[in-house]
file my_file_19.tsv (TSV, C-alpha atoms)
chain	number	residue	atom	x	y	z
N	1428	MET	CA	80.44	-88.59	117.61
N	1429	ARG	CA	82.30	-91.83	118.22
N	1430	ASP	CA	79.14	-93.50	119.56
N	1431	LEU	CA	77.19	-92.43	116.47
N	1432	LEU	CA	79.85	-93.90	114.16
N	1433	GLN	CA	79.82	-97.15	116.12
N	1434	TYR	CA	76.04	-97.49	115.83
N	1435	ILE	CA	76.08	-96.67	112.11
N	1436	ALA	CA	78.79	-99.27	111.54
N	1437	CYS	CA	76.88	-101.83	113.64
N	1438	PHE	CA	73.71	-101.19	111.61
N	1439	LEU	CA	75.58	-101.62	108.33
N	1440	ALA	CA	77.44	-104.70	109.54
N	1441	PHE	CA	74.24	-106.40	110.70
N	1442	PHE	CA	72.39	-105.96	107.42
N	1443	SER	CA	75.48	-106.62	105.30
N	1444	ALA	CA	76.18	-109.92	107.04
N	1445	GLY	CA	72.51	-110.83	106.65
N	1446	PHE	CA	72.54	-109.98	102.95
N	1447	LEU	CA	75.61	-112.15	102.38
N	1448	VAL	CA	74.09	-115.13	104.19
N	1449	VAL	CA	70.77	-114.80	102.35
N	1450	ALA	CA	72.55	-114.43	99.00
N	1451	THR	CA	74.65	-117.53	99.63
N	1452	TRP	CA	71.72	-119.78	100.48
N	1453	THR	CA	69.07	-118.58	98.02
N	1454	ASP	CA	68.39	-119.90	94.55
N	1455	CYS	CA	68.18	-116.89	92.25
N	1456	TRP	CA	71.74	-116.17	91.16
N	1457	MET	CA	70.64	-116.78	87.57
N	1458	VAL	CA	67.12	-116.21	86.24
N	1459	ASN	CA	65.71	-116.62	82.75
N	1460	ALA	CA	65.56	-113.36	80.84
N	1461	ASP	CA	62.40	-111.72	79.51
N	1462	ASP	CA	63.24	-112.68	75.93
N	1463	SER	CA	63.15	-116.39	76.72
N	1464	LEU	CA	60.41	-118.63	75.34
N	1465	GLU	CA	59.81	-120.31	78.68
N	1466	VAL	CA	56.40	-120.05	80.33
N	1467	SER	CA	57.93	-120.62	83.76
N	1468	THR	CA	60.51	-118.81	85.84
N	1469	LYS	CA	63.77	-120.70	86.25
N	1470	CYS	CA	66.22	-119.70	88.95
N	1471	ARG	CA	69.64	-121.20	89.51
N	1472	GLY	CA	71.45	-120.79	92.79
N	1473	LEU	CA	74.69	-122.07	94.21
N	1474	TRP	CA	73.12	-125.20	95.66
N	1475	TRP	CA	69.90	-125.96	93.76
N	1476	GLU	CA	67.70	-124.93	90.83
N	1477	CYS	CA	64.04	-124.00	91.11
N	1478	VAL	CA	61.27	-123.69	88.54
N	1479	THR	CA	58.06	-121.75	89.16
N	1480	ASN	CA	55.13	-122.31	86.83
N	1481	ALA	CA	53.70	-119.06	85.51
N	1482	PHE	CA	50.09	-120.33	85.49
N	1483	ASP	CA	49.53	-122.14	88.78
N	1484	GLY	CA	52.55	-120.83	90.74
N	1485	ILE	CA	53.74	-124.32	91.65
N	1486	ARG	CA	57.41	-124.27	92.61
N	1487	THR	CA	59.72	-127.25	92.35
N	1488	CYS	CA	63.40	-127.36	93.28
N	1489	ASP	CA	66.14	-129.81	92.41
N	1490	GLU	CA	69.34	-129.95	94.41
N	1491	TYR	CA	72.65	-130.26	92.63
N	1492	ASP	CA	74.81	-133.33	92.97
N	1493	SER	CA	77.14	-133.80	95.91
N	1494	ILE	CA	79.77	-131.14	96.52
N	1495	PHE	CA	82.36	-133.77	95.59
N	1496	ALA	CA	80.86	-134.12	92.11
N	1497	GLU	CA	82.18	-132.20	89.14
N	1498	HIS	CA	80.72	-128.72	88.91
N	1499	PRO	CA	81.56	-125.66	86.79
N	1500	LEU	CA	84.47	-123.61	88.08
N	1501	LYS	CA	82.20	-120.58	88.41
N	1502	LEU	CA	79.93	-122.44	90.82
N	1503	VAL	CA	82.70	-123.95	92.97
N	1504	VAL	CA	84.70	-120.74	93.37
N	1505	THR	CA	81.61	-118.63	94.09
N	1506	ARG	CA	80.55	-121.06	96.80
N	1507	ALA	CA	83.96	-120.88	98.48
N	1508	LEU	CA	84.15	-117.09	98.26
N	1509	MET	CA	80.65	-116.50	99.60
N	1510	ILE	CA	81.05	-118.93	102.51
N	1511	THR	CA	84.32	-117.21	103.42
N	1512	ALA	CA	82.60	-113.82	103.29
N	1513	ASP	CA	79.75	-115.10	105.49
N	1514	ILE	CA	82.12	-116.36	108.18
N	1515	LEU	CA	84.27	-113.23	108.24
N	1516	ALA	CA	81.28	-110.88	108.25
N	1517	GLY	CA	79.65	-112.84	111.09
N	1518	PHE	CA	82.77	-112.75	113.24
N	1519	GLY	CA	83.28	-109.08	112.42
N	1520	PHE	CA	79.75	-108.22	113.56
N	1521	ILE	CA	80.12	-110.20	116.81
N	1522	THR	CA	83.47	-108.54	117.51
N	1523	LEU	CA	81.93	-105.13	116.87
N	1524	LEU	CA	79.21	-105.82	119.43
N	1525	LEU	CA	81.88	-106.41	122.08
N	1526	GLY	CA	83.47	-103.06	121.23
N	1527	LEU	CA	80.32	-100.97	121.59
N	1528	ASP	CA	80.27	-98.61	124.54
N	1529	CYS	CA	76.75	-99.69	125.48
N	1530	ILE	CA	77.87	-103.31	125.95
N	1531	LYS	CA	79.19	-104.03	129.45
N	1532	PHE	CA	82.38	-105.69	128.31
N	1533	LEU	CA	85.62	-104.22	129.70
N	1534	PRO	CA	83.82	-101.03	130.81
N	1535	ASP	CA	86.99	-99.59	132.40
N	1536	GLU	CA	89.14	-100.15	129.34
N	1537	PRO	CA	87.93	-97.70	126.65
N	1538	TYR	CA	91.25	-97.94	124.83
N	1539	ILE	CA	90.88	-101.70	124.41
N	1540	LYS	CA	87.25	-101.32	123.26
N	1541	VAL	CA	88.33	-98.89	120.55
N	1542	ARG	CA	90.95	-101.40	119.45
N	1543	ILE	CA	88.26	-104.09	119.32
N	1544	CYS	CA	86.20	-101.86	117.01
N	1545	CYS	CA	89.23	-101.41	114.76
N	1546	VAL	CA	89.74	-105.18	114.62
N	1547	ALA	CA	86.05	-105.63	113.74
N	1548	GLY	CA	86.40	-103.04	110.99
N	1549	THR	CA	89.41	-104.86	109.55
N	1550	MET	CA	87.49	-108.14	109.52
N	1551	LEU	CA	84.55	-106.51	107.75
N	1552	LEU	CA	86.85	-105.01	105.13
N	1553	ILE	CA	88.39	-108.43	104.51
N	1554	ALA	CA	84.92	-110.01	104.37
N	1555	GLY	CA	83.83	-107.61	101.65
N	1556	ALA	CA	86.64	-108.71	99.33
N	1557	PRO	CA	85.60	-112.36	98.71
N	1558	GLY	CA	81.94	-111.36	98.66
N	1559	ILE	CA	82.34	-108.74	95.94
N	1560	ILE	CA	84.74	-110.94	93.95
N	1561	GLY	CA	82.37	-113.91	94.02
N	1562	SER	CA	79.19	-112.02	93.17
N	1563	VAL	CA	80.70	-109.78	90.50
N	1564	TRP	CA	82.57	-112.68	88.88
N	1565	TYR	CA	79.38	-114.73	88.77
N	1566	ALA	CA	77.42	-111.83	87.25
N	1567	VAL	CA	80.11	-111.11	84.66
N	1568	ASP	CA	80.32	-114.78	83.70
N	1569	VAL	CA	76.55	-114.95	83.18
N	1570	TYR	CA	76.62	-111.78	81.08
N	1571	VAL	CA	79.56	-112.98	78.98
N	1572	GLU	CA	77.91	-116.35	78.39
N	1573	ARG	CA	74.69	-114.73	77.23
N	1574	SER	CA	76.50	-112.16	75.06
N	1575	SER	CA	78.58	-114.85	73.37
N	1576	LEU	CA	75.45	-116.80	72.44
N	1577	VAL	CA	73.83	-113.67	71.01
N	1578	LEU	CA	77.02	-112.75	69.15
N	1579	HIS	CA	77.18	-116.16	67.43
N	1580	ASN	CA	73.41	-116.19	66.74
N	1581	ILE	CA	72.90	-119.22	68.97
N	1582	PHE	CA	69.46	-119.37	70.54
N	1583	LEU	CA	68.79	-122.22	72.94
N	1584	GLY	CA	65.23	-121.22	73.79
N	1585	ILE	CA	66.19	-119.81	77.18
N	1586	GLN	CA	68.55	-116.99	78.08
N	1587	TYR	CA	69.77	-116.23	81.58
N	1588	LYS	CA	70.63	-113.04	83.40
N	1589	PHE	CA	71.89	-112.59	86.95
N	1590	GLY	CA	69.15	-112.46	89.54
N	1591	TRP	CA	68.40	-110.82	92.87
N	1592	SER	CA	70.61	-113.16	94.90
N	1593	CYS	CA	73.62	-111.89	92.98
N	1594	TRP	CA	72.56	-108.29	93.57
N	1595	LEU	CA	72.12	-109.07	97.26
N	1596	GLY	CA	75.65	-110.44	97.45
N	1597	MET	CA	77.02	-107.25	95.91
N	1598	ALA	CA	75.02	-105.08	98.30
N	1599	GLY	CA	76.19	-107.07	101.33
N	1600	SER	CA	79.82	-106.85	100.23
N	1601	LEU	CA	79.64	-103.09	99.68
N	1602	GLY	CA	77.98	-102.72	103.07
N	1603	CYS	CA	80.87	-104.61	104.69
N	1604	PHE	CA	83.34	-102.29	102.97
N	1605	LEU	CA	81.45	-99.23	104.19
N	1606	ALA	CA	81.12	-100.49	107.77
N	1607	GLY	CA	84.79	-101.42	107.86
N	1608	ALA	CA	85.79	-98.02	106.52
N	1609	VAL	CA	83.75	-96.25	109.19
N	1610	LEU	CA	85.36	-98.32	111.95
N	1611	THR	CA	88.97	-98.25	110.77
N	1612	CYS	CA	89.24	-94.79	109.21
N	1613	CYS	CA	86.57	-92.36	110.37
N	1614	LEU	CA	86.49	-93.63	113.95
N	1615	TYR	CA	90.25	-93.32	114.25
N	1616	LEU	CA	90.40	-89.83	112.76
N	1617	LEU	CA	87.50	-88.30	114.65
N	1618	LYS	CA	88.37	-89.80	117.99
N	1619	GLY	CA	92.00	-90.17	119.06
N	1620	VAL	CA	92.90	-93.67	120.10
N	1621	GLY	CA	96.06	-92.87	122.02
N	1622	PRO	CA	96.35	-94.48	125.47
N	1623	GLU	CA	96.42	-91.17	127.34
N	1624	ARG	CA	93.24	-89.90	125.69
N	1625	ASN	CA	91.20	-92.99	126.37
N	1626	TYR	CA	92.18	-93.70	129.94
N	1627	PRO	CA	89.80	-92.47	132.66
N	1628	TYR	CA	90.37	-88.97	133.98
N	1629	SER	CA	91.31	-90.19	137.46
N	1630	MET	CA	94.06	-92.41	136.04
N	1631	ARG	CA	95.43	-89.58	133.92
N	1632	LYS	CA	95.39	-87.20	136.90
N	1633	ALA	CA	97.21	-89.66	139.12
N	1634	TYR	CA	99.74	-90.31	136.41
N	1635	SER	CA	100.32	-86.55	135.94
N	1636	LYS	CA	100.84	-85.99	139.70
N	1637	ALA	CA	103.27	-88.87	139.89
N	1638	ALA	CA	105.24	-87.48	136.97
N	1639	VAL	CA	105.39	-84.00	138.56
N	1640	SER	CA	106.56	-85.39	141.88
N	1641	ILE	CA	109.28	-87.43	140.24
N	1642	THR	CA	110.40	-84.36	138.29
N	1643	LYS	CA	110.57	-82.24	141.43
N	1644	SER	CA	112.42	-84.86	143.43
N	1645	TYR	CA	115.05	-85.29	140.77
N	1646	VAL	CA	118.00	-82.91	141.13
N	1647	ALA	CA	120.72	-83.09	138.56
N	1648	PRO	CA	124.15	-83.76	140.12
N	1649	ARG	CA	126.68	-80.93	139.88
N	1650	THR	CA	129.80	-81.72	137.95
N	1651	GLU	CA	133.32	-80.73	139.06
N	1652	THR	CA	133.46	-78.01	136.42
N	1653	ALA	CA	130.23	-76.50	137.72
N	1654	LYS	CA	131.55	-76.51	141.30
N	1655	MET	CA	134.78	-74.76	140.26
N	1656	TYR	CA	132.79	-72.16	138.33
N	1657	ALA	CA	130.57	-71.52	141.36
N	1658	VAL	CA	133.64	-70.97	143.62
N	1659	ASP	CA	135.22	-68.59	141.12
N	1660	THR	CA	132.10	-66.49	140.89
N	1661	ARG	CA	131.83	-66.19	144.68
N	1662	VAL	CA	135.44	-65.00	144.89
call {"tool": "encode", "arguments": {"input": "my_file_19.tsv", "output": "structure tokens"}}
result
Amino acid sequence: MRDLLQYIACFLAFFSAGFLVVATWTDCWMVNADDSLEVSTKCRGLWWECVTNAFDGIRTCDEYDSIFAEHPLKLVVTRALMITADILAGFGFITLLLGLDCIKFLPDEPYIKVRICCVAGTMLLIAGAPGIIGSVWYAVDVYVERSSLVLHNIFLGIQYKFGWSCWLGMAGSLGCFLAGAVLTCCLYLLKGVGPERNYPYSMRKAYSKAAVSITKSYVAPRTETAKMYAVDTRV
């Protein structure tokens, strides 16, 4: 059962980390809504903006100014959060690979490998936090901006909604949470991680024999009161 949980968590961690990386470096965090008057599809990402003509399919992209230039707070914070999530999810996935039983890394130390899986699960849980905060905050900001324009009857000719890159960031973050939960909670509950349970059988047997021999060889010293009581009973 433990091996199955490890493989499920590895599968989730792989795709979740991939989703986060793809979401960070794609250009469709915002896309023009269906009620816009534009004849082309406009997508805005964290690093550039692309326009695709609806008639000939020609796609042109313009990069934003330097990262040191002034950008909206939403853009700057989302960049930082998503990059942090990418790094943590990547390290969590690599750490999880080292903890798998099928990987020949510390094959005689199952207790340490289980601990490595728990560390990987913790990293994945932490990675999901900035990812979900960044993607959800971006989506909410886009929705609030559009709703405020509609509420005040302001129509600029184009309305935006959050696109598939934002959805991908949410999916990757939730996948990191799920993989981390499997590694840190379910794996610990279904398979004991105590040192005695994870050591090889030969080591446990030798340890048990040594403990029995020490117990047998130890004889508690008799106190003076016990000696006097023994003499009285013999008399």
call {"tool": "residues_around", "arguments": {"input": "my_file_19.tsv", "residues": "Leu1473 in chain N", "least_positions_apart": "2", "cutoff": "9 Å", "atoms": "only C-alpha atoms", "output": "list in words"}}
result
Thr1451, Trp1452, Thr1453, Asp1454, Cys1455, Trp1456, Arg1471, Trp1475, Glu1476, Tyr1491, Leu1502, Val1503, Thr1505 and Arg1506 of chain N
call {"tool": "closest_residue", "arguments": {"input": "my_file_19.tsv", "among": "N:Cys1488, N:Leu1527, N:Val1567, N:Ile1510", "to": "Arg1542 in chain N", "atoms": "all atoms listed in the file"}}
result
N:Leu1527
call {"tool": "atom_distance", "arguments": {"input": "my_file_19.tsv", "atom1": "CA of Val1563 in chain N", "atom2": "CA of Asp1513 in chain N"}}
result
15.9 Å
call {"tool": "residues_around", "arguments": {"input": "my_file_19.tsv", "residues": "range 1594-1606 of chain N", "least_positions_apart": "6", "cutoff": "9 Å", "atoms": "only C-alpha atoms", "output": "count of residues only"}}
result
36
call {"tool": "closest_residue", "arguments": {"input": "my_file_19.tsv", "among": "N:Asp1430, N:Glu1490, N:Glu1497, N:Glu1572", "to": "Phe1589 in chain N", "atoms": "all atoms listed in the file"}}
result
N:Glu1572
call {"tool": "atom_distance", "arguments": {"input": "my_file_19.tsv", "atom1": "CA of Val1541 in chain N", "atom2": "CA of Phe1518 in chain N"}}
result
16.6 Å
call {"tool": "closest_residue", "arguments": {"input": "my_file_19.tsv", "among": "N:Asp1568, N:Lys1588, N:Leu1525, N:Cys1544", "to": "Asn1459 in chain N", "atoms": "all atoms listed in the file"}}
result
N:Lys1588
